[in-house]
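What follows is a single structure, written as structure tokens, with notes after it.
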2 protein chains.
Amino acid sequence: MSQDLERLFNPRSVAVIGASRNVKSISGQPLWALAGHGYRGRLYPVNPKYDEVEGHRCYPSVEALPEVPDLALILVAAAGVPGMLREVGRKGIAFCIIFSSGFSETGEAGRALQAEIAAIAREYGIGVVGPNCQGMIGVTDDVYAGFGSAFSGDCFRKGTLSMTTQSGGFGYGVIILAEEAGLGFRSLVSTGNESGLTTTDFIDWFVRDPQTRVIGAYMEGVKDAYRLLEVGDRALLADKPVLVWKVGNTEVGGRAALSHTANLGGALALYEAAFEQRGMIRVRDANELIDYTQAFASGKRPAGNRVAIVTISGGGGILMADQCVESGLSVGPLTPESERKLKDIIPAFGSWQNPIDITAGIFNNPEMLAQAMRIIVDDPSVDSIVVINASLQGDIALARAKELVELDRTTSKPIMTAWSARTKFAEAAYRTLAEAGIPRYPTPVACAKALAALTRFAEAQRRRGRERAEPVLSLERPQARALLAARTADLAEHEAKALVAQYGIPVTREVLATDRSQAVAAAREIGFPVVMKVQSADIAHKTEAGGVALGLADAAAVERAWDSIMASARAVVPGARIEGISVQEMVSGGTELIVGVQNDPLFGPAVMVGLGGIYAEVFRDTSFRLAPLTRSVAEAMVRELKCFPLLDGARGRPKADVEALVDALLALSAMAVDLRDGLSELDINPLVVLERGRGVRALDALARPRAGSA
Amino acid sequence: MSQDLERLFNPRSVAVIGASRNVKSISGQPLWALAGHGYRGRLYPVNPKYDEVEGHRCYPSVEALPEVPDLALILVAAAGVPGMLREVGRKGIAFCIIFSSGFSETGEAGRALQAEIAAIAREYGIGVVGPNCQGMIGVTDDVYAGFGSAFSGDCFRKGTLSMTTQSGGFGYGVIILAEEAGLGFRSLVSTGNESGLTTTDFIDWFVRDPQTRVIGAYMEGVKDAYRLLEVGDRALLADKPVLVWKVGNTEVGGRAALSHTANLGGALALYEAAFEQRGMIRVRDANELIDYTQAFASGKRPAGNRVAIVTISGGGGILMADQCVESGLSVGPLTPESERKLKDIIPAFGSWQNPIDITAGIFNNPEMLAQAMRIIVDDPSVDSIVVINASLQGDIALARAKELVELDRTTSKPIMTAWSARTKFAEAAYRTLAEAGIPRYPTPVACAKALAALTRFAEAQRRRGRERAEPVLSLERPQARALLAARTADLAEHEAKALVAQYGIPVTREVLATDRSQAVAAAREIGFPVVMKVQSADIAHKTEAGGVALGLADAAAVERAWDSIMASARAVVPGARIEGISVQEMVSGGTELIVGVQNDPLFGPAVMVGLGGIYAEVFRDTSFRLAPLTRSVAEAMVRELKCFPLLDGARGRPKADVEALVDALLALSAMAVDLRDGLSELDINPLVVLERGRGVRALDALARPRAGSA
């Protein structure tokens with residue numbers, strides 16, 4: 001669905017269907033807004049009631065138009081939309097914005113009406129925006145096709161940020177704030193109910209649009225989430241950051257999940273995984289979107305996360321260092337050579353160590369800043385530089401700005417500034433920086449966050465470049481696929497473990513015994529001590545039902561356990577169909593994790609690893625990625641767990657077999673892809689990670705077929 | 001040290017000692033800034049070199065001044081400061097700001113010089129600001145006594161925010177940003193090296209200053225931290241929020257700590273505890289300080305955390321609800337009656353449930369907002385109301401603003417707005433709100449955060465009111481005090497447990513056995529199974545040294561354990577002085593926590609409770625409070641632990657004896673206060689919390705005397 005949307009945002013002619021003469025009404029505003037903002041193409045109001053609207057000849061029907069417009073706006077009431085859309089289709093108009101409300105947002109009848117217009121759009125190949133939207137602005141081409149406050153002021157500043165928003169009323173607030181902050185837009189579209197073109201389609205187009213350099217997306221949720229990885233990959237390759245403002249995160253999910261994987265995850269975890277995997281940058285307020293866009297617009301990308309801080313205010317340096325470290329940047333030492341050189345030019349009460357405090361001594365020796373910067377720019381242990389100029393104002397400020405612009409031209413390292421002089425006292429300095437594309441922020445905090453976003457994006461580009469070169473493990477197990485296709489009921493322990501074993505995930509050695517003597521024979525074969533667990537689709541909580549016995553050291557213990565498990569299980573769950581008792585090797589030591597698969601209707605399969613045991617739900621220490629994983633992605637999942645130090649030998653513990661854990665995640669990923677049509681959720685809980693060289697072992701598992709997940 | 005600082009911020013006359021004729025120099029600026037900003041008192045430059053400076057008669061010495069000024073500014077080089085300060089003292093001047101650098105920030109000699117001026121100040125009772133500071137602004141009285149950019153522009157807007165800052169260069173950036181945001185100040189002081197008046201002194205004064213309504217503090221660290229609780233308490237009683245911007249948080253602490261308590265805590269945890277205990281509000285950037293001040297300035301305080309959201313943009317409502325919930329506010333249902341009434345006035349595609357979406361239908365029916373608000377204001381299940389007006393502009397905006405002002409007058413519930421129209425299109429509406437003190441924020445995110453801050457402060461006032469009525473457990477154990485006073489070495493397990501037992505904390509029943517037969521006899525007395533642990537000041541890590549045996553079921557097992565522990569301990573730590581082996585009751589089940597005391601040189605004693613076991617350092621799930629605790633404070637500590645659900649019966653576990661845990665924390669608090677002169681750190685690790693009714697048990701403990709902590 002990669003469409004060329006150039007003619008949507010910059011149409012040569014526009015039909016306004018249902019145009020009204022009342023410019024205060026929603027149906028009156030778009031024509032008025034287009035004309036009033038200097039639209040340079042041809043405007044065709046369509047309304048049988050009028051001969052003329054706002055000085056434009058008005059046509060009785062779409063058919064009657066003298067040419068095929070590039071874009072139609074539909075402003076009639078919901079019931080009339082399907083008919084109008086058909087006329088649009090028959091005329092051969094490529095794009096249509098449907099403003100009308102009364103569709104899927106209003107219930108059953110509205111959903112049917114929306115399905116109807118979607119079908120018409122498909123039939124005629126119309127690219128539909130909306131319905132129930134506020135329109136769009138092709139800012140750089142002066143195309144204001146919409147209604148509301150944003151359409152009734154002056155033209156907005158032109159720039160390189162393109163944004164898609166699922167909230168018209170709120171999304172248009174962003175361009176207003178950006179205007180006040182001096183940031184320009186390329187295009188802005190409100191997507192409404194997304195019966196046709198989606199948020200993802202627009203991100204996709206912005207990636208391909210040569211005049212867009214930064215992409216913004218305000219989303220409540222996307223229906224084609226599975227495309228985010230692919231579109232995100234192209235954004236990384238095109239060096240276009242996608243700044244995502246994801247809202248609607250605190251509502252509680254719908255159906256009850258079977259597995260910990262689904263319980264600990266849910267839609268938000270998968271959105272976060274997709275964003276993480278493709279370096280899409282989360283923003284949490286309009287000012288972050290504006291600040292980060294400024295940082296990205298310079299075009300510079302840091303080669304690493306090592307930042308040098310140069311400040312004329314010691315306090316500002318401390319705050320900046322705090323915020324950099326909290327944002328994942330490194331404020332490390334410069335080379336000894338640089339420190340030596342800096343010591344020669346910085347006053348004794350300053351600091352020639354990072355953060356470099358050249359102090360208010362700049363008032364006595366204004367050239368000190370440029371001298372220090374020259375040394376720092378050339379330092380090989382520095383990837384980016386932030387300059388804190390406190391409230392420097394007037395001539396001394398302008399001269400410093402000019403120096404920074406000159407320095408900036410000589411280096412590929414990003415230079416950013418935190419500078420809080422009153423605008424009226426530092427206007428020339430600020431303008432000098434802005435013209436050269438050097439970002440300026442009123443506080444160190446905003447500056448550090450923007451630099452961190454820039455740095456993470458550049459790191460994601462490099463990381464993703466490495467990942468693309470990695471092989472993806474692919475496994476096909478037709479037997480497993482057939483098993484799941486035939487099932488609606490959940491797969492309990494022994495079946496689920498057999499399933500994961502097919503993909504090479506090590507499970508406990510075990511035998512399903514159906515009588516006491518089989519159990520004893522199985523235990524002898526496996527080797528004492530053993531574990532015994534009742535197997536019944538009717539018993540979800542084996543331990544609570546008295547259905548588990550651990551550490552059985554000899555045959556007599558196995559026999560006693562058999563009797564006690566059977567008696568207890570029957571007493572706790574009367575009438576349970578018991579398939580038998582699984583006799584299993586006893587696994588001692590190691591670290592208990594949970595790993596699993598969540599096959600989401602929107603995203604497709606995702607893999608999870610997380611802390612197991614009683615703290616699983618308390619700390620929710622999990623990591624999700626969309627499948628398929630490569631090895632480095634699986635490694636990153638494990639390393640980002642808060643409990644990773646315990647696998648890595650913290651507190652004098654033996655190092656765990658992380659390699660085997662990573663292998664298991666890769667196997668899960670291959671399984672998740674192979675079974676994507678048949679598997680809804682799967683948990684291995686616990687997966688015990690043993691000492692290095694001793695592998696991992698799935699102790700228990702549970703799976704839900706897709707057919708059983710309705 | 002509660003001084004009246006009115007005459008510091010609003011002096012009737014000022015001596016400027018070392019005044020220079022060069023207004024670009026630091027010693028030239030203050031006189032120029034005072035005069036230039038319309039200072040209404042008398043100015044006395046003091047400098048033997050001149051007869052006149054800037055049109056003011058200049059005096060050769062302080063002694064020669066014709067009156068005793070309220071304030072002296074010292075601008076001479078560091079070496080000359082003590083002499084000048086003595087002159088100031090002899091003249092009887094009450095306050096002095098020392099701008100000069102070259103004191104404790106520059107090393108040994110500077111520290112000696114600073115000690116000297118501190119002594120002089122004490123001798124003469126001078127209230128000293130600085131040295132090494134940038135001065136102060138008495139904004140409401142037009143007193144600009146300092147240097148730098150903030151002193152070389154126009155006068156700042158007058159208001160009710162007073163702020164103290166430990167960073168001159170950076171702190172003055174805040175007043176500049178506030179000015180651009182339209183927020184006024186009462187006073188602003190840069191405290192420099194704090195040889196005399198401290199950050200805490202200024203907060204203390206602002207609490208008592210009738211013209212200050214909101215207090216800001218930018219701090220890297222305070223030397224008199226133990227006073228924060230007392231000053232904070234008075235701030236709560238005076239209904240003055242203290243907005244704290246604490247920086248310098250990411251640096252790693254100094255000396256190696258003995259205990260988990262000290263390791264998991266440190267200075268930042270104690271600052272956070274103090275702020276939490278007295279409802280001081282953390283801010284993390286200048287805009288938060290400005291936004292929150294706006295919220296507090298209205299004077300309204302919500303009676304609870306239930307917020308109603310009224311929006312004309314569905315998307316804005318979603319975002320606001322997200323942010324409210326994330327900030328700890330509750331976005332719950334209105335009463336059924338309110339919902340019924342709202343249903344009658346809100347369009348079908350809107351929402352009459354909270355968040356209440358009156359939709360863009362407001363353009364057709366502008367009175368809808370006031371109608372809905374009337375219902376919501378009267379709803380008993382609502383404590384505060386936020387209104388999202390998206391980009392509403394022009395006349396319709398002004399009319400809505402007027403309605404809100406009228407409504408606001410009729411209710412004690414705070415009303416706030418998120419409103420993002422361009423300033424120039426909604427100027428009258430914005431002014432109307434500002435004049436009525438109704439806060440307006442450009443985005444829902446900023447609005448929700450500010451409301452959350454307001455709500456937390458009001459809640460802290462109520463909570464602290466309840467706490468004041470609670471008794472504080474006080475225990476005196478002269479024997480324990482004497483023991484610690486006499487010790488320099490750490491107290492190992494059995495001594496430390498004996499210590500905590502004196503304060504009523506239950507420890508394991510145990511006997512220190514010095515030979516094998518004593519061990520067997522002890523085990524018989526305690527009852528099998530038992531635990532045995534080697535006791536030696538030379539063996540810090542008993543388990544690693546093979547010095548621990550668990551679950552010993554009979555006499556033979558005790559004898560075998562004796563031999564094996566002794567052999568292993570001697571092999572692992574050759575030459576260790578072994579006091580014996582402690583034979584202890586074996587405690588099974590329960591939840592392992594760590595509790596402890598950190599007796600901080602700045603804050604005094606603090607109590608900690610946190611998750612124990614192998615996850616302690618990974619998740620750092622801890623809660624700190626400064627002693628003494630009341631019962632409700634101790635309860636809050638336990639409830640705020642992430643692992644609290646596990647104590648509270650999550651996952652089908654039995655409920656733990658939280659009451660006994662709270663008792664133990666109260667005992668620890670009483671102990672911490674009783675031993676504040678002798679105890680540096682103490683850990684009980686683990687403290688096992690058993691099932692309800694079965695109490696808690698200290699399994700191991702460790703203590704460090706103050707004399708041993710140097």
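How things are named: the first chain in the structure tokens is A, the next is B, and so on; residues count from 1 in each chain; ligands count from 1 in the order shown.
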I'd like the neighbourhood of Met586 (chain A) as a PyMOL selection string, where a residue qualifies if any of its atoms comes within 8 Å (using only C-alpha atoms), though same-chain residues fewer than 3 positions away should be ignored.
chain A and resi 508+528-531+550-551
Next, the residues of the selection above should be written as a PDB file, in the first residue's frame with all heavy atoms.
ATOM      1  N   THR A 508      12.703 -30.696  30.352  1.00  0.00           N
ATOM      2  CA  THR A 508      13.096 -31.735  31.309  1.00  0.00           C
ATOM      3  C   THR A 508      12.861 -33.117  30.688  1.00  0.00           C
ATOM      4  O   THR A 508      11.902 -33.329  29.954  1.00  0.00           O
ATOM      5  CB  THR A 508      12.231 -31.636  32.577  1.00  0.00           C
ATOM      6  OG1 THR A 508      10.872 -31.442  32.172  1.00  0.00           O
ATOM      7  CG2 THR A 508      12.664 -30.484  33.452  1.00  0.00           C
ATOM      8  N   PHE A 528      17.128 -40.790  39.969  1.00  0.00           N
ATOM      9  CA  PHE A 528      16.631 -40.062  41.148  1.00  0.00           C
ATOM     10  C   PHE A 528      17.539 -38.883  41.449  1.00  0.00           C
ATOM     11  O   PHE A 528      18.727 -38.936  41.100  1.00  0.00           O
ATOM     12  CB  PHE A 528      16.556 -41.012  42.350  1.00  0.00           C
ATOM     13  CG  PHE A 528      15.505 -42.080  42.195  1.00  0.00           C
ATOM     14  CD1 PHE A 528      15.856 -43.375  41.816  1.00  0.00           C
ATOM     15  CD2 PHE A 528      14.161 -41.766  42.380  1.00  0.00           C
ATOM     16  CE1 PHE A 528      14.891 -44.340  41.661  1.00  0.00           C
ATOM     17  CE2 PHE A 528      13.189 -42.760  42.229  1.00  0.00           C
ATOM     18  CZ  PHE A 528      13.560 -44.051  41.862  1.00  0.00           C
ATOM     19  N   PRO A 529      17.081 -37.808  42.110  1.00  0.00           N
ATOM     20  CA  PRO A 529      15.681 -37.582  42.489  1.00  0.00           C
ATOM     21  C   PRO A 529      14.836 -37.136  41.287  1.00  0.00           C
ATOM     22  O   PRO A 529      15.377 -36.608  40.319  1.00  0.00           O
ATOM     23  CB  PRO A 529      15.778 -36.438  43.505  1.00  0.00           C
ATOM     24  CG  PRO A 529      16.990 -35.680  43.080  1.00  0.00           C
ATOM     25  CD  PRO A 529      17.948 -36.694  42.533  1.00  0.00           C
ATOM     26  N   VAL A 530      13.522 -37.358  41.433  1.00  0.00           N
ATOM     27  CA  VAL A 530      12.617 -36.948  40.360  1.00  0.00           C
ATOM     28  C   VAL A 530      11.523 -36.029  40.923  1.00  0.00           C
ATOM     29  O   VAL A 530      11.362 -35.889  42.133  1.00  0.00           O
ATOM     30  CB  VAL A 530      11.930 -38.159  39.675  1.00  0.00           C
ATOM     31  CG1 VAL A 530      12.945 -39.002  38.925  1.00  0.00           C
ATOM     32  CG2 VAL A 530      11.123 -38.960  40.680  1.00  0.00           C
ATOM     33  N   VAL A 531      10.796 -35.459  39.972  1.00  0.00           N
ATOM     34  CA  VAL A 531       9.640 -34.625  40.276  1.00  0.00           C
ATOM     35  C   VAL A 531       8.430 -35.308  39.671  1.00  0.00           C
ATOM     36  O   VAL A 531       8.541 -35.928  38.618  1.00  0.00           O
ATOM     37  CB  VAL A 531       9.828 -33.228  39.630  1.00  0.00           C
ATOM     38  CG1 VAL A 531       8.563 -32.393  39.730  1.00  0.00           C
ATOM     39  CG2 VAL A 531      11.012 -32.510  40.258  1.00  0.00           C
ATOM     40  N   LEU A 550       8.085 -32.881  44.762  1.00  0.00           N
ATOM     41  CA  LEU A 550       9.457 -32.590  44.349  1.00  0.00           C
ATOM     42  C   LEU A 550      10.444 -33.454  45.116  1.00  0.00           C
ATOM     43  O   LEU A 550      10.149 -33.947  46.205  1.00  0.00           O
ATOM     44  CB  LEU A 550       9.796 -31.116  44.651  1.00  0.00           C
ATOM     45  CG  LEU A 550       8.858 -30.051  44.091  1.00  0.00           C
ATOM     46  CD1 LEU A 550       9.288 -28.664  44.576  1.00  0.00           C
ATOM     47  CD2 LEU A 550       8.849 -30.098  42.573  1.00  0.00           C
ATOM     48  N   GLY A 551      11.631 -33.654  44.531  1.00  0.00           N
ATOM     49  CA  GLY A 551      12.745 -34.251  45.269  1.00  0.00           C
ATOM     50  C   GLY A 551      12.479 -35.678  45.738  1.00  0.00           C
ATOM     51  O   GLY A 551      12.860 -36.040  46.857  1.00  0.00           O
TER      52      GLY A 551
END
For chain B, which residues have at least one atom within 7 Å of chain A, if we go by only C-alpha atoms? Write them as a ChimeraX atom specification, please.
/B:106,149,167,169-170,173,176-177,247-250,285,313,315-316,318-319,322,349,390-393,420-422,445,618,642-643
For Arg456 (chain B), find every residue with an atom within 10 Å (counting only C-alpha atoms), except residues of its own chain fewer than 3 positions away, and show them as a PyMOL selection string.
chain B and resi 276+279-281+301-302+304-305+327-329+450-453+459-462
Write out as a VMD selection string the residues lying within 9 Å of region 563-578 of chain A, counting only C-alpha atoms and excluding same-chain residues fewer than 3 positions away.
chain A and resid 516 532 to 539 542 544 to 549 558 to 560 581
To one decimal place in Å, what is the distance between CA of Ile120 (chain B) and CA of Ser195 (chain B)?
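Here the two named atoms are 10.7 Å from each other.
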Taking the DSSP assignment computed from this structure's backbone, write out as a PyMOL selection string all residues of region 110-280 of chain A that belong to helix (DSSP H, G or I).
chain A and resi 110-124+139-141+149-151+168-181+199-208+225-237+260-264+267-277
Looking at only C-alpha atoms, which of A:Ala399, A:Gly332, A:Gly80, A:Glu337 is the one that sits closest to Ile375 (chain A)?
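That would be A:Glu337, the residue with the smallest distance to Ile375 (chain A).
Counting only C-alpha atoms, Ser13 (chain B) has the following residues at most 7 Å away, ignoring those fewer than 6 positions along the same chain: B:Gly41, B:Arg42, B:Leu43, B:Pro69, B:Asp70, B:Leu71.
Counting from CA of Arg282 (chain A), the distance to CA of Val231 (chain A) is 16.1 Å.
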Write out as a ChimeraX atom specification the residues lying within 6 Å of region 665-679 of chain B, counting only C-alpha atoms and excluding same-chain residues fewer than 5 positions away.
/B:473-476,481,484-485,503,605,627-628,705-706
Residue nearest Leu34 (chain A) - candidates A:Ile526, A:Ala496, A:Val16, A:Ile126, atoms counted: only C-alpha atoms:
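When distances to Leu34 (chain A) are compared using only C-alpha atoms, the smallest one comes from A:Val16.
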Please list as a compact mmCIF listing (two decimals) with N, CA, C and O atoms, in the first residue's frame every residue within 7 Å of Leu602 (chain A), counting only C-alpha atoms and excluding residues in the same chain fewer than 5 positions away.
# COMPACT_ATOMS: atom_id res chain seq x y z
N LYS A 223 -4.02 0.16 13.21
CA LYS A 223 -4.67 -1.10 12.85
C LYS A 223 -3.73 -2.01 12.06
O LYS A 223 -3.97 -3.20 11.94
N ASP A 224 -2.72 -1.41 11.45
CA ASP A 224 -1.78 -2.19 10.64
C ASP A 224 -0.40 -2.18 11.29
O ASP A 224 0.62 -1.90 10.67
N ALA A 225 -0.43 -2.53 12.58
CA ALA A 225 0.79 -2.43 13.38
C ALA A 225 1.91 -3.33 12.84
O ALA A 225 3.09 -3.00 12.98
N TYR A 226 1.54 -4.44 12.21
CA TYR A 226 2.56 -5.36 11.69
C TYR A 226 3.47 -4.67 10.66
O TYR A 226 4.56 -5.14 10.40
Would you please extract all strand (DSSP E or B) residues from region 546-633 of chain B, as assigned by DSSP on the backbone, and give them as a PyMOL selection string?
chain B and resi 548-552+580-585+591-600+604-611+622-626
